[in-house]
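Here's the structure, in structure tokens; my notes come after.
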Amino acid sequence: MLTVPPASVPILETERLVLRGHKADDFADCFALWTNPDVTRFIGGKPSTQEEVWGRLLRYVGHWSLLGFGYWVITEKKTGRFMGEVGFADFRREIDPSLEGIPEIGWVLAPECQGKGYATEAARAATLWGEENFGPVRTACIIAPENEASIRVAERCGYREFRRTTYKDKPTIMFVREKAVS
């Protein structure tokens, strides 16, 4: 398979992480991530199929091409090891209240990478990038009420509970982060 590196995805670096665009070569790592029941229990509730993971990877690349924002692969700076994904999206979700026009941040880490502050570090880097590139706009995320670890990450990154709602007939908490006008 021909692999072309993503040209327009910025590379972000933190103390321990590198965030970069997805490549076709990332499919195996993405597949391992999204087929792990520990990863998907709060995101969709069931492991993804090969077709669903491929569609997700294409959506990530398409976001950058069409909208100028999207998801990054999270890698460990020292080793280059795939750790997960973080970024902003416009999924056009059917949810009330609507997220139309509001960049939605999300993150997911492999189980062996959880509980070490990586999600917060990656989400903070993405949030700072968003502030610089979206201007003074609200961003949001949705989290399952029982996903206490992700709720803590959201709060550490400045997101506050906005509304309790449902998404695909499941209880969901919508968090928002307001961008202060300078």
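Letters for chains follow the order of the structure tokens (A, B, ...), residue numbers begin at 1 for each chain, and ligand numbers begin at 1 in the order shown.
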Could you write out, as a ChimeraX atom specification, all the residues of segment 93-124 of chain A that DSSP marks as alpha helix (DSSP H)?
/A:118-124
Just write the chosen residues, N, CA and C atoms, as an mmCIF file, in the first residue's frame.
```cif
data_model
loop_
_atom_site.group_PDB
_atom_site.id
_atom_site.type_symbol
_atom_site.label_atom_id
_atom_site.label_comp_id
_atom_site.auth_asym_id
_atom_site.auth_seq_id
_atom_site.Cartn_x
_atom_site.Cartn_y
_atom_site.Cartn_z
ATOM 1 N N TYR A 118 -1.003 10.951 30.626
ATOM 2 C CA TYR A 118 -0.815 11.167 29.188
ATOM 3 C C TYR A 118 -2.041 11.802 28.531
ATOM 4 N N ALA A 119 -3.236 11.367 28.938
ATOM 5 C CA ALA A 119 -4.451 11.914 28.317
ATOM 6 C C ALA A 119 -4.561 13.408 28.600
ATOM 7 N N THR A 120 -4.305 13.806 29.829
ATOM 8 C CA THR A 120 -4.364 15.224 30.176
ATOM 9 C C THR A 120 -3.300 16.003 29.408
ATOM 10 N N GLU A 121 -2.102 15.465 29.329
ATOM 11 C CA GLU A 121 -1.013 16.134 28.613
ATOM 12 C C GLU A 121 -1.358 16.313 27.134
ATOM 13 N N ALA A 122 -1.904 15.272 26.521
ATOM 14 C CA ALA A 122 -2.268 15.343 25.098
ATOM 15 C C ALA A 122 -3.465 16.277 24.887
ATOM 16 N N ALA A 123 -4.470 16.173 25.748
ATOM 17 C CA ALA A 123 -5.657 17.019 25.600
ATOM 18 C C ALA A 123 -5.321 18.491 25.833
ATOM 19 N N ARG A 124 -4.422 18.776 26.762
ATOM 20 C CA ARG A 124 -3.997 20.176 26.972
ATOM 21 C C ARG A 124 -3.292 20.716 25.726
#
```
A:Gly44, A:Val108, A:Ser150, A:Cys141 ranked by distance to Asp169 of chain A, top pick (using only C-alpha atoms):
A:Gly44
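Residue nearest Ile102 of chain A within the list A:Ile74, A:Ala32, A:Val176, A:Leu66: A:Val176 [criterion: smallest interatomic distance, only C-alpha atoms].
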At a cut-off of 12 Å, using only C-alpha atoms, what residues contact segment 37-41 of chain A? Leave out same-chain residues fewer than 2 positions from it and give the result as a PyMOL selection string.
chain A and resi 30-35+43-49+53+83-85+107-114+143-144+146-147+150
Report as a list in words all protein, DNA and RNA residues lying within 12 Å of Thr165 of chain A, evaluated on only C-alpha atoms, omitting residues in the same chain fewer than 3 positions from it.
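Counting only the stated atoms, we get Glu94, Ile95, Asp96, Pro97, Ser98, Ile142, Ile143, Ala144, Pro145, Glu161, Phe162, Lys168, Asp169, Lys170, Pro171, Thr172, Ile173, Met174 and Phe175 of chain A.
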Nearest candidate to Ala89 of chain A (options A:Thr139, A:Asn36, A:Thr166, A:Thr14; using only C-alpha atoms):
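Looking at the shortest contact to Ala89 of chain A, the residue is A:Thr139.
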Identify, on the basis of only C-alpha atoms, every residue whose closest approach to His22 of chain A does not exceed 8 Å; exclude the query and any residue fewer than 3 positions from it along the same chain; express the result as a list in words.
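Close residues of His22 of chain A: Pro6, Asp26, Leu57, Tyr60, Val61, Tyr71, Trp72 and Val73 of chain A.
Checking A:Ile151, A:Arg20, A:Pro10, A:Pro103 one by one against Glu76 of chain A, counting only C-alpha atoms, you find the shortest gap at A:Arg20.
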Any idea what the distance is between atom CA of Gly55 of chain A and atom CA of Arg92 of chain A?
15.4 Å
Here is a test: counting only C-alpha atoms, which residue of A:Glu13, A:Ile105, A:Phe82, A:Ala28 is nearest to Gly130 of chain A?
A:Ile105
